[in-house]
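To be precise, the following lines are target29.txt, and they hold compact mmCIF, C-alpha atoms.
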# COMPACT_ATOMS: atom_id res chain seq x y z
CA MET A 1 -112.84 17.15 173.02
CA GLU A 2 -113.88 14.85 175.85
CA ALA A 3 -114.02 11.89 173.49
CA VAL A 4 -110.54 12.60 172.25
CA GLY A 5 -109.32 12.96 175.80
CA LEU A 6 -110.90 9.67 176.79
CA GLY A 7 -109.38 7.93 173.76
CA ALA A 8 -105.95 9.28 174.58
CA LEU A 9 -106.36 8.22 178.18
CA LEU A 10 -107.35 4.68 177.13
CA ALA A 11 -104.48 4.53 174.64
CA GLY A 12 -102.09 5.64 177.33
CA LYS A 13 -103.35 2.96 179.71
CA LEU A 14 -103.59 0.24 177.07
CA PHE A 15 -100.32 -1.49 177.84
CA THR A 16 -100.06 -0.62 181.49
CA VAL A 17 -103.58 -1.33 182.68
CA ILE A 18 -106.07 -2.63 180.12
CA LEU A 19 -104.09 -5.43 178.46
CA PRO A 20 -102.65 -6.73 181.76
CA ILE A 21 -106.16 -6.86 183.23
CA ILE A 22 -107.44 -8.77 180.18
CA PHE A 23 -104.43 -11.12 180.35
CA LEU A 24 -104.96 -11.68 184.08
CA GLY A 25 -108.67 -12.32 183.59
CA LEU A 26 -108.09 -14.82 180.82
CA THR A 27 -105.38 -16.74 182.64
CA THR A 28 -107.40 -16.80 185.86
CA TRP A 29 -110.39 -18.20 183.98
CA MET A 30 -108.15 -20.84 182.43
CA SER A 31 -106.59 -21.65 185.80
CA TRP A 32 -110.08 -22.15 187.20
CA ARG A 33 -110.88 -24.67 184.44
CA ILE A 34 -107.55 -26.47 184.86
CA MET A 35 -108.18 -26.82 188.59
CA VAL A 36 -111.62 -28.28 187.96
CA LYS A 37 -110.21 -30.74 185.43
CA ALA A 38 -107.60 -31.86 187.96
CA GLY A 39 -110.37 -32.42 190.51
CA PHE A 40 -109.76 -29.40 192.72
CA PRO A 41 -112.33 -26.73 193.53
CA GLY A 42 -112.26 -24.18 190.74
CA TYR A 43 -111.70 -21.25 193.07
CA LEU A 44 -108.18 -22.50 193.70
CA GLY A 45 -107.46 -21.18 190.21
CA LEU A 46 -107.63 -17.73 191.72
CA PHE A 47 -104.04 -18.33 192.82
CA ASN A 48 -103.26 -16.87 189.43
CA ILE A 49 -104.08 -13.42 190.80
CA THR A 50 -101.00 -13.56 193.03
CA GLY A 51 -98.99 -12.74 189.92
CA ILE A 52 -99.98 -9.09 190.14
CA ILE A 53 -98.50 -8.58 193.61
CA PRO A 54 -95.69 -6.09 193.04
CA GLY A 55 -92.20 -7.41 193.47
CA VAL A 56 -92.67 -10.94 194.77
CA GLY A 57 -95.89 -11.76 192.94
CA TRP A 58 -94.29 -13.80 190.19
CA ILE A 59 -92.23 -15.73 192.74
CA ILE A 60 -95.35 -16.70 194.69
CA TRP A 61 -97.08 -17.58 191.41
CA THR A 62 -94.19 -19.80 190.37
CA ILE A 63 -94.06 -21.56 193.74
CA LEU A 64 -97.79 -22.28 193.54
CA LEU A 65 -97.32 -23.60 189.99
CA TRP A 66 -94.69 -26.03 191.29
CA VAL A 67 -96.96 -27.08 194.13
CA PHE A 68 -99.80 -27.75 191.72
CA ALA A 69 -97.54 -29.72 189.40
CA PHE A 70 -96.25 -32.10 192.04
CA ILE A 71 -99.07 -32.60 194.57
CA GLN A 72 -101.62 -35.39 194.29
CA TRP A 73 -104.60 -34.48 192.14
CA PRO A 74 -108.04 -35.68 193.22
CA ARG A 75 -108.57 -36.80 189.63
CA ASP A 76 -105.91 -39.43 190.13
CA GLY A 77 -108.04 -41.00 192.84
CA ALA A 78 -105.18 -41.43 195.24
CA SER A 79 -107.15 -39.74 197.96
CA ALA A 80 -110.15 -42.01 197.54
CA PRO A 81 -110.81 -44.15 200.58
CA ARG A 82 -109.65 -47.70 200.04
CA VAL A 83 -109.97 -50.68 202.29
CA ALA A 84 -107.59 -53.58 202.33
CA TYR A 85 -108.83 -56.49 200.27
CA GLN A 86 -109.47 -59.75 202.06
CA SER A 87 -109.46 -62.50 199.48
CA PRO A 88 -110.83 -65.85 200.53
CA ALA A 89 -108.26 -67.44 198.30
CA GLY A 90 -105.26 -65.88 199.93
CA PRO A 91 -103.27 -62.68 200.10
CA LEU A 92 -103.92 -59.77 197.83
CA PRO A 93 -101.92 -59.50 194.64
CA PRO A 94 -100.36 -56.11 193.95
CA GLN A 95 -103.34 -54.80 191.96
CA GLY A 96 -106.30 -56.37 193.71
CA LEU A 97 -109.95 -55.57 193.96
CA PRO A 98 -111.35 -53.70 196.93
CA PRO A 99 -113.29 -55.74 199.40
CA GLN A 100 -116.87 -56.22 200.32
CA GLY A 101 -118.33 -53.30 202.18
CA LEU A 102 -117.09 -50.85 199.61
CA PRO A 103 -117.18 -47.18 200.58
CA PRO A 104 -120.21 -45.32 199.26
CA LEU A 105 -119.95 -42.87 196.40
CA PRO A 106 -119.10 -39.40 197.63
CA PRO A 107 -121.82 -36.81 197.10
CA GLY A 108 -121.34 -35.27 193.71
CA PRO A 109 -123.23 -33.37 191.07
CA ALA A 110 -123.53 -36.32 188.72
CA THR A 111 -124.85 -38.96 191.08
CA PRO A 112 -128.33 -39.95 190.03
CA GLN A 113 -128.33 -42.99 192.24
CA ALA A 114 -126.02 -44.82 194.55
CA LEU A 115 -124.16 -47.89 193.46
CA PRO A 116 -125.94 -51.05 194.56
CA PRO A 117 -124.43 -52.55 197.66
CA PRO A 118 -122.15 -55.51 197.10
CA PRO A 119 -123.53 -58.94 197.89
CA ALA A 120 -122.96 -60.24 201.37
CA GLN A 121 -121.45 -63.40 200.02
CA LEU A 122 -119.76 -63.50 196.67
CA PRO A 123 -120.50 -66.48 194.48
CA PRO A 124 -117.79 -69.08 194.22
CA PRO A 125 -115.52 -68.74 191.22
CA THR A 126 -117.15 -71.19 188.89
CA ALA A 127 -116.28 -69.58 185.59
CA ILE A 128 -112.90 -68.70 184.26
CA GLY A 129 -113.88 -66.08 181.75
CA TRP A 130 -115.98 -63.02 181.13
CA VAL A 131 -117.80 -61.55 178.16
CA LEU A 132 -118.59 -57.90 177.53
CA SER A 133 -121.05 -57.50 174.70
CA GLY A 134 -123.10 -54.71 173.24
CA ALA A 135 -123.05 -52.31 170.36
CA LEU A 136 -121.65 -48.97 169.36
CA PRO A 137 -124.12 -46.06 169.00
CA ASN A 138 -124.03 -46.61 165.25
CA GLY A 139 -125.17 -50.21 165.70
CA THR A 140 -121.86 -51.97 165.19
CA PRO A 141 -121.86 -55.00 167.49
CA LEU A 142 -119.11 -55.34 170.08
CA ARG A 143 -118.00 -58.43 171.94
CA PHE A 144 -114.98 -58.86 174.19
CA ALA A 145 -114.18 -62.19 175.77
CA PHE A 146 -111.34 -62.46 178.25
CA ASP A 147 -110.16 -64.96 180.79
CA GLU A 148 -108.33 -64.59 184.07
CA SER A 149 -104.86 -65.00 182.68
CA ARG A 150 -104.23 -61.29 183.16
CA GLN A 151 -104.93 -59.21 186.22
CA VAL A 152 -105.47 -55.88 184.49
CA LEU A 153 -107.02 -54.99 181.14
CA THR A 154 -107.24 -51.46 179.80
CA ILE A 155 -110.29 -50.23 177.93
CA GLY A 156 -109.83 -47.32 175.59
CA ALA A 157 -109.92 -45.72 172.19
CA PRO A 158 -107.32 -46.72 169.61
CA ALA A 159 -105.46 -43.42 170.12
CA ALA A 160 -103.52 -45.11 172.93
CA PRO A 161 -102.56 -48.75 173.54
CA ALA A 162 -105.49 -50.61 175.07
CA ASP A 163 -106.34 -54.25 175.65
CA LEU A 164 -110.01 -53.76 174.78
CA THR A 165 -110.33 -51.16 172.04
CA ILE A 166 -113.62 -49.36 171.43
CA ILE A 167 -113.78 -47.07 168.42
CA ASP A 168 -116.12 -44.30 169.47
CA GLY A 169 -115.72 -40.60 170.04
CA SER A 170 -116.99 -40.82 173.59
CA ILE A 171 -114.26 -43.25 174.63
CA GLY A 172 -111.10 -41.90 176.20
CA ALA A 173 -107.59 -43.13 175.57
CA PRO A 174 -107.35 -44.80 178.00
CA HIS A 175 -110.87 -44.82 179.41
CA ALA A 176 -111.14 -47.43 182.17
CA ARG A 177 -109.34 -50.38 183.65
CA LEU A 178 -110.64 -53.86 184.45
CA HIS A 179 -109.10 -55.64 187.42
CA ILE A 180 -109.41 -59.39 187.34
CA LEU A 181 -109.16 -61.90 190.17
CA PRO A 182 -110.32 -65.50 190.15
CA GLY A 183 -114.09 -65.26 189.89
CA ARG A 184 -114.13 -61.54 190.55
CA LEU A 185 -114.01 -58.44 188.45
CA GLY A 186 -113.35 -54.81 189.29
CA LEU A 187 -113.66 -51.62 187.28
CA GLU A 188 -111.76 -48.37 187.61
CA ASP A 189 -112.59 -45.18 185.76
CA LEU A 190 -109.59 -43.27 184.49
CA GLY A 191 -111.34 -39.92 184.44
CA THR A 192 -112.16 -39.28 180.83
CA SER A 193 -114.83 -36.79 179.89
CA GLY A 194 -117.07 -39.52 178.49
CA GLY A 195 -117.56 -41.06 181.91
CA THR A 196 -118.17 -44.59 183.16
CA TRP A 197 -121.32 -46.07 184.72
CA ILE A 198 -122.05 -49.32 186.55
CA ASP A 199 -125.69 -50.33 186.27
CA GLY A 200 -126.61 -46.70 185.72
CA ALA A 201 -124.56 -45.26 188.58
CA PRO A 202 -121.60 -43.09 187.65
CA LEU A 203 -118.16 -44.33 188.51
CA LEU A 204 -115.75 -41.50 189.18
CA PRO A 205 -111.96 -41.66 189.42
CA VAL A 206 -112.19 -40.82 193.11
CA ASN A 207 -114.20 -44.01 193.64
CA GLY A 208 -111.15 -46.08 192.79
CA ILE A 209 -111.78 -49.70 191.89
CA ARG A 210 -115.36 -50.92 192.23
CA GLU A 211 -116.38 -54.54 192.17
CA ILE A 212 -118.59 -55.42 189.20
CA THR A 213 -118.67 -59.19 189.64
CA ASN A 214 -122.45 -59.14 189.94
CA SER A 215 -123.10 -56.11 187.79
CA ARG A 216 -125.00 -56.42 184.55
CA GLU A 217 -124.57 -53.25 182.57
CA LEU A 218 -121.44 -51.19 182.08
CA ARG A 219 -121.45 -47.94 180.20
CA PHE A 220 -118.31 -46.34 178.77
CA GLY A 221 -119.13 -42.92 177.33
CA ALA A 222 -122.02 -43.55 174.94
CA VAL A 223 -121.28 -47.27 174.64
CA THR A 224 -123.28 -49.67 176.81
CA LEU A 225 -122.00 -53.20 177.31
CA THR A 226 -123.52 -56.14 179.10
CA LEU A 227 -121.32 -58.15 181.42
CA ALA A 228 -121.68 -61.91 181.63
CA ARG A 229 -119.62 -64.92 182.59
CA ALA A 230 -118.21 -66.90 179.72
CA MET B 1 -57.73 3.25 170.72
CA ASP B 2 -59.27 4.74 167.64
CA ASP B 3 -62.98 5.13 167.01
CA LYS B 4 -63.25 1.94 164.96
CA THR B 5 -61.71 -0.19 167.68
CA ALA B 6 -63.86 1.39 170.34
CA PHE B 7 -66.96 0.77 168.27
CA ALA B 8 -65.97 -2.89 167.76
CA TRP B 9 -65.46 -3.30 171.50
CA LEU B 10 -68.81 -1.73 172.26
CA LEU B 11 -70.53 -3.88 169.66
CA GLY B 12 -68.93 -7.03 171.04
CA ALA B 13 -69.86 -6.11 174.59
CA GLY B 14 -73.43 -5.39 173.51
CA VAL B 15 -73.75 -8.73 171.74
CA PHE B 16 -72.29 -10.47 174.78
CA VAL B 17 -74.80 -8.81 177.09
CA VAL B 18 -77.68 -9.71 174.79
CA ILE B 19 -76.58 -13.36 174.58
CA LEU B 20 -76.11 -13.47 178.33
CA GLY B 21 -79.58 -12.03 178.76
CA ILE B 22 -81.09 -14.64 176.45
CA ILE B 23 -79.34 -17.44 178.32
CA ALA B 24 -80.50 -16.06 181.65
CA TYR B 25 -84.04 -15.78 180.30
CA LEU B 26 -83.97 -19.39 179.09
CA VAL B 27 -82.56 -20.68 182.37
CA VAL B 28 -85.17 -18.83 184.40
CA MET B 29 -87.94 -20.02 182.09
CA VAL B 30 -86.77 -23.62 182.24
CA LEU B 31 -86.34 -23.69 185.99
CA ALA B 32 -89.37 -21.66 186.92
CA LEU B 33 -91.98 -22.54 184.36
CA ILE B 34 -91.09 -25.31 181.94
CA ILE B 35 -90.25 -28.02 184.49
CA PRO B 36 -93.57 -27.81 186.39
CA THR B 37 -95.53 -27.25 183.21
CA TRP B 38 -93.84 -30.26 181.64
CA ARG B 39 -95.11 -32.38 184.52
CA ILE B 40 -98.59 -30.87 184.38
CA CYS B 41 -98.80 -31.57 180.64
CA ASN B 42 -97.65 -35.15 181.19
CA ARG B 43 -100.22 -35.70 183.91
CA ALA B 44 -102.92 -34.29 181.65
CA GLY B 45 -101.87 -36.75 178.96
CA TYR B 46 -100.19 -34.29 176.63
CA SER B 47 -96.59 -34.36 175.55
CA GLY B 48 -94.34 -32.63 178.02
CA ALA B 49 -92.72 -30.84 175.12
CA MET B 50 -95.85 -28.71 174.92
CA SER B 51 -94.45 -26.78 177.86
CA LEU B 52 -91.74 -25.43 175.54
CA LEU B 53 -94.42 -23.07 174.24
CA HIS B 54 -93.48 -20.98 177.27
CA LEU B 55 -90.44 -19.94 175.28
CA ILE B 56 -92.62 -17.94 172.91
CA PRO B 57 -92.41 -14.44 174.33
CA GLY B 58 -95.69 -12.83 175.26
CA VAL B 59 -98.28 -15.39 174.28
CA GLY B 60 -96.52 -18.69 175.00
CA THR B 61 -97.88 -19.01 178.53
CA LEU B 62 -101.34 -18.06 177.30
CA ILE B 63 -101.21 -20.80 174.65
CA VAL B 64 -100.19 -23.49 177.15
CA PHE B 65 -102.89 -22.39 179.58
CA ALA B 66 -105.50 -22.35 176.81
CA ILE B 67 -104.67 -25.87 175.65
CA LEU B 68 -104.79 -27.20 179.20
CA ALA B 69 -107.97 -25.29 180.03
CA PHE B 70 -110.02 -25.91 176.92
CA GLY B 71 -108.59 -29.10 175.44
CA THR B 72 -109.81 -32.55 176.41
CA TRP B 73 -107.14 -34.14 178.57
CA PRO B 74 -106.10 -37.45 177.02
CA ALA B 75 -105.34 -38.87 180.46
CA GLY B 76 -108.80 -38.01 181.69
CA GLU B 77 -110.44 -35.25 183.64
CA ALA B 78 -112.21 -35.19 186.96
CA THR B 79 -115.25 -33.60 185.35
CA ALA B 80 -116.88 -36.69 183.85
CA ARG B 81 -120.44 -36.01 182.85
CA PRO B 82 -123.00 -38.30 181.26
CA PRO B 83 -123.13 -37.69 177.51
CA GLN B 84 -126.20 -35.90 176.30
CA PRO B 85 -128.65 -37.90 174.24
CA GLY B 86 -127.42 -37.98 170.68
CA ALA B 87 -124.10 -36.41 171.58
CA ARG B 88 -120.89 -38.19 170.68
Could I get this structure in the form of structure tokens?
Amino acid sequence: MEAVGLGALLAGKLFTVILPIIFLGLTTWMSWRIMVKAGFPGYLGLFNITGIIPGVGWIIWTILLWVFAFIQWPRDGASAPRVAYQSPAGPLPPQGLPPQGLPPLPPGPATPQALPPPPAQLPPPTAIGWVLSGALPNGTPLRFAFDESRQVLTIGAPAAPADLTIIDGSIGAPHARLHILPGRLGLEDLGTSGGTWIDGAPLLPVNGIREITNSRELRFGAVTLTLARA
Amino acid sequence: MDDKTAFAWLLGAGVFVVILGIIAYLVVMVLALIIPTWRICNRAGYSGAMSLLHLIPGVGTLIVFAILAFGTWPAGEATARPPQPGAR
């Protein structure tokens, strides 16, 4: 009798209590993950719980959804500290490299080592081109040569337009961006799950553009490339 | 007014109310949910049209949330991690 009573009670509460709680739990879990992917602390996903407030809950929930949609996301790197670039050759073009004395990497979970400090004095621009060479994980050789005719080159998988295309599952579309100035090179990670590393140190979207003029090894996902002057 | 005419009037009014309700539902959905979700999907690298899944009653919102939460964002995520050895 008790079992039947319990079953009837559960059936009676199925649509009014049990399913809404499951729905709320699922959506809150998803909100947590979405927040983390956007670069926010995951607990901000708990805003989803406001939806159960009687009466005005859905209005608050909707307002917070709008706020989330239109505010700056840390993933976009807009909040990363940037210092005005002082080029010895003249004023900064619209998409220039950051200067010497770059800000350190913020403390993060995936920071095995700090990026090496930039050189006190950059070498004079003697070369007019760069070469990225290496191989895919399956052994296929890769070689990209580019000059300074363009200021920005996109690196990515063929799923989206990219200037330097790498066919590998660990490469995002787009994955990273190279910023080119006379004799200088910068790298910006675009936040894909594969990740980007400069000489073994992770480059995060919040780091913005990092100078790689004197760097040797760049890693995009599972693909490691060596940087050299042409 | 005979019974037939009264029935026709009632039927017409009922259909009108239902259509009005659907339009109101769509307007509220578009203004409240689809516009911000469209932007969120775009920023994640998905097509903004994915936000139209909100129009599926009941599970539409769940589907959009699930794709955003568990799919790999084409525009990149803030949770970059070094790939595991042997992983692709």
Measuring between only C-alpha atoms, which one of A:Pro174, A:Gly51, A:Gly208, A:Gly45 shows the shortest distance to chain B?
A:Pro174
Please identify all residues of chain B having at least one atom at most 12 Å from any atom of chain A, considering only C-alpha atoms, and return them as a PyMOL selection string.
chain B and resi 28-46+58-88
Could you check how far CA of Gly42 in chain A sits from CA of Gly25 in chain A, in Å to one decimal?
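Here the two named atoms are 14.3 Å from each other.
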Please work out which residues fall within 12 Å of (-117.4, -60.9, 171.3), coordinates as given in the file, with all atoms listed in the file counting, and return them as a ChimeraX atom specification.
/A:130-135,140-146,164,225-228,230
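Separating CA of Ala201 in chain A from CA of Arg216 in chain A is a distance of 11.9 Å.
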Just the number, please: distance in Å from CA of Ile155 in chain A to CA of Glu217 in chain A, one decimal.
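Atom-to-atom, CA of Ile155 in chain A to CA of Glu217 in chain A, that is 15.3 Å.
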